[in-house]
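Some notes on the structure that comes next.
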Amino acid sequence: MLETVEGIIISEKPYGETSKIINCLTKEYGIIGIIAKGSRNLKSDLRSTTNKLIYGNFNIYYKKDKLSNLVSVDVINPFKNILKDLTRISYASFLIDLTEQVYKQCNSTDVYNLLISALVKINEGYDASAITNILELKFLDFLGVMPIIDRCSNCGKTSGIVTLDSSRGGYICSNCYKNEKIVSDKTIKLIRMYYYVDISKITKLEVSKKCKLEINSFLDDYYDRYTGLYLKSKSLINNLSKVELM
């Protein structure tokens, strides 16, 4: 039976001489594989709608635990502005890779919704590195290793927070501070805002280079320590960030 599922193409690969297999993260069924027959033909209606990052409604003959068959795609957003810019493409690719790994561990529709909201904002021109950090922080909750960012991670005190440290699991107050690297007060406040902000409702996002560096450094180290996830695409955007922040 023909079904319509909302989703985004997270990867694609050739299949036979003229077709391809696309992997989609869908709202209804999670990650599914779909055969797009003839989609590599120059005259195929599917040629322009079966590329990575296409977000739309996929009309398919769904087969559970097997490859489904694609009939057509009603594109919701092709993310054209992302595809025009190498930096945005790099951030978007990392977010897709990260979301795929997180989804496999939690199977939550919220993860899908967060990804779409983030890509929409990056496509609209909002700071890709800041949006990426917001999503990285929110995903830690789904991975079950959320840092403590509402009180001291050691004593529980809610006042006198002086820094943020991955090895200590989050905020550190002046009483518990030992010799950790000090981050700015703005970074301490921002990372908490990152967690609570509704990405889809962001209308202004201005983050200093210093805060970006501090937050990204914290998140990178935190992911390395507690998640077991390693994505090559993260190394690429970190190199891009170094150039941007010079």
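Chain labels run A, B, ... following the order of the structure tokens; each chain numbers its residues from 1, and ligands are numbered from 1 in the order shown.
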Worksheet item: Just asking: which residues within range 115-206 of chain A are strand (DSSP E or B) according to DSSP, as a list in words?
Response: Ile148, Ile161, Val162, Thr163, Leu164, Asp165, Gly170, Tyr171, Ile172 and Cys173 of chain A
Fill in: Distance in Å - CA of Leu70 in chain A versus CA of Ser48 in chain A
13.5 Å
Item to complete: For Met146 in chain A, list every protein, DNA or RNA residue within 9 Å, evaluated using only C-alpha atoms, and leave out those in the same chain fewer than 5 positions away; present the list as a list in words.
Response: Leu137, Lys138, Phe139, Leu140, Asp141, Gly169 and Gly170 of chain A
Can I get the selection written as a compact mmCIF listing (two decimals), in the first residue's frame, with all heavy atoms?
```txt
# COMPACT_ATOMS: atom_id res chain seq x y z
N LEU A 137 24.63 19.84 22.39
CA LEU A 137 24.31 19.86 23.81
C LEU A 137 22.98 19.15 24.08
O LEU A 137 22.88 18.32 24.98
CB LEU A 137 24.26 21.29 24.32
CG LEU A 137 23.96 21.46 25.82
CD1 LEU A 137 25.08 20.85 26.66
CD2 LEU A 137 23.76 22.92 26.18
N LYS A 138 21.97 19.47 23.29
CA LYS A 138 20.66 18.86 23.49
C LYS A 138 20.71 17.34 23.30
O LYS A 138 20.03 16.58 24.02
CB LYS A 138 19.64 19.46 22.51
CG LYS A 138 19.24 20.90 22.83
CD LYS A 138 18.28 21.45 21.80
CE LYS A 138 17.84 22.87 22.10
NZ LYS A 138 16.98 22.97 23.28
N PHE A 139 21.52 16.88 22.36
CA PHE A 139 21.62 15.44 22.10
C PHE A 139 22.23 14.66 23.27
O PHE A 139 21.98 13.46 23.43
CB PHE A 139 22.43 15.20 20.83
CG PHE A 139 21.64 15.34 19.56
CD1 PHE A 139 22.27 15.28 18.32
CD2 PHE A 139 20.27 15.53 19.58
CE1 PHE A 139 21.55 15.40 17.14
CE2 PHE A 139 19.53 15.66 18.40
CZ PHE A 139 20.18 15.59 17.19
N LEU A 140 23.04 15.32 24.09
CA LEU A 140 23.63 14.63 25.24
C LEU A 140 22.56 14.10 26.18
O LEU A 140 22.73 13.07 26.83
CB LEU A 140 24.59 15.56 25.98
CG LEU A 140 25.89 15.88 25.24
CD1 LEU A 140 26.66 17.00 25.95
CD2 LEU A 140 26.77 14.63 25.12
N ASP A 141 21.43 14.82 26.23
CA ASP A 141 20.30 14.37 27.04
C ASP A 141 19.77 13.03 26.54
O ASP A 141 19.47 12.12 27.31
CB ASP A 141 19.19 15.42 26.98
CG ASP A 141 18.52 15.65 28.33
OD1 ASP A 141 18.89 14.96 29.30
OD2 ASP A 141 17.64 16.51 28.43
N GLY A 169 32.23 17.05 34.93
CA GLY A 169 30.83 16.77 34.58
C GLY A 169 29.93 17.99 34.44
O GLY A 169 28.71 17.85 34.36
N GLY A 170 30.51 19.20 34.41
CA GLY A 170 29.67 20.38 34.23
C GLY A 170 30.15 21.58 35.02
O GLY A 170 31.35 21.83 35.13
```
Fill in: Selected residue, from A:Ile60, A:Lys27, A:Ile35, A:Tyr222, that lies nearest to Lys13 in chain A when counting only C-alpha atoms
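The shortest atom-to-atom distance to Lys13 in chain A comes from A:Ile35.
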Exercise: Gly33 in chain A partners within 9 Å, only C-alpha atoms, chain neighbours under 5 positions left out, as a tab-separated table (two decimals) with N, CA, C and O atoms, in the first residue's frame:
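Contents of around_32.tsv, as written:
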```tsv
chain	number	residue	atom	x	y	z
A	21	ILE	N	19.99	3.74	-3.98
A	21	ILE	CA	19.35	3.46	-2.69
A	21	ILE	C	19.58	4.68	-1.81
A	21	ILE	O	20.72	5.14	-1.66
A	22	ILE	N	18.50	5.21	-1.29
A	22	ILE	CA	18.62	6.35	-0.38
A	22	ILE	C	18.23	5.90	1.03
A	22	ILE	O	17.32	5.08	1.21
A	23	ASN	N	18.97	6.37	1.99
A	23	ASN	CA	18.63	6.13	3.39
A	23	ASN	C	18.00	7.39	3.93
A	23	ASN	O	18.58	8.48	3.82
A	24	CYS	N	16.81	7.25	4.49
A	24	CYS	CA	16.08	8.41	5.01
A	24	CYS	C	15.84	8.26	6.50
A	24	CYS	O	15.52	7.18	6.99
A	65	ASP	N	11.60	-3.54	7.59
A	65	ASP	CA	12.86	-4.28	7.64
A	65	ASP	C	13.38	-4.69	6.26
A	65	ASP	O	14.25	-5.56	6.14
A	66	LYS	N	12.84	-4.09	5.21
A	66	LYS	CA	13.32	-4.34	3.85
A	66	LYS	C	13.42	-3.01	3.13
A	66	LYS	O	13.03	-1.97	3.65
A	67	LEU	N	13.95	-3.04	1.91
A	67	LEU	CA	14.01	-1.82	1.13
A	67	LEU	C	12.62	-1.47	0.61
A	67	LEU	O	11.95	-2.29	-0.01
A	68	SER	N	12.20	-0.24	0.88
A	68	SER	CA	10.93	0.24	0.37
A	68	SER	C	11.14	0.76	-1.06
A	68	SER	O	12.28	0.94	-1.51
A	69	ASN	N	10.05	0.99	-1.78
A	69	ASN	CA	10.13	1.49	-3.16
A	69	ASN	C	9.60	2.92	-3.23
A	69	ASN	O	8.50	3.20	-2.75
```
Practice prompt. Name the residues of range 22-242 of chain A that come out as helix (DSSP H, G or I) in a backbone DSSP run; write them as JSON, numbers by chain.
Written response: {"A": [47, 48, 49, 80, 81, 82, 83, 86, 87, 88, 89, 90, 91, 92, 93, 94, 95, 96, 97, 98, 99, 100, 101, 102, 103, 104, 105, 106, 109, 110, 111, 112, 113, 114, 115, 116, 117, 118, 119, 120, 121, 122, 123, 128, 129, 130, 131, 132, 133, 134, 135, 136, 137, 138, 139, 140, 141, 142, 185, 186, 187, 188, 189, 190, 191, 192, 193, 194, 195, 196, 199, 200, 201, 209, 210, 211, 212, 213, 214, 215, 216, 217, 218, 219, 220, 221, 222, 223, 224, 225, 226, 232, 233, 234, 235, 236, 237, 238, 239, 240, 241, 242]}
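Take CA of Asp221 in chain A and CA of Ser166 in chain A: the distance between them is 6.4 Å.
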Fill in: 10 Å contact set for Asn133 in chain A, only C-alpha atoms, chain neighbours under 5 positions out, as a list in words
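After dropping sequence-adjacent residues, the list is Leu95, Ala128, Lys138, Phe139, Ile191, Tyr194, Tyr195, Lys212, Ile215, Asn216, Leu219 and Asp220 of chain A.
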Worksheet item: What's the 8 Å shell around Asn123 in chain A, counting only C-alpha atoms, without same-chain residues fewer than 6 positions away, as JSON, numbers by chain?
Response: {"A": [79, 80, 81, 82, 88]}
Filtering to N, CA and C atoms, could you give me those residues as a PDB file, in the first residue's frame?
```pdb
ATOM      1  N   PHE A  79      16.896  22.947   1.034  1.00  0.00           N
ATOM      2  CA  PHE A  79      18.041  23.572   1.715  1.00  0.00           C
ATOM      3  C   PHE A  79      19.061  24.118   0.708  1.00  0.00           C
ATOM      4  N   LYS A  80      18.557  24.898  -0.254  1.00  0.00           N
ATOM      5  CA  LYS A  80      19.398  25.425  -1.325  1.00  0.00           C
ATOM      6  C   LYS A  80      20.524  26.315  -0.812  1.00  0.00           C
ATOM      7  N   ASN A  81      20.261  27.111   0.234  1.00  0.00           N
ATOM      8  CA  ASN A  81      21.304  28.011   0.738  1.00  0.00           C
ATOM      9  C   ASN A  81      22.437  27.240   1.400  1.00  0.00           C
ATOM     10  N   ILE A  82      22.112  26.117   2.029  1.00  0.00           N
ATOM     11  CA  ILE A  82      23.162  25.266   2.600  1.00  0.00           C
ATOM     12  C   ILE A  82      24.040  24.718   1.484  1.00  0.00           C
ATOM     13  N   ARG A  88      28.536  25.671   5.302  1.00  0.00           N
ATOM     14  CA  ARG A  88      27.222  25.203   5.744  1.00  0.00           C
ATOM     15  C   ARG A  88      27.014  23.735   5.411  1.00  0.00           C
TER      16      ARG A  88
END
```
Worksheet, complete the sentence: Using only C-alpha atoms, the shortest atom-to-atom distance to Ile32 in chain A among A:Tyr126, A:Phe218, A:Tyr62, A:Tyr91 belongs to A:Tyr62
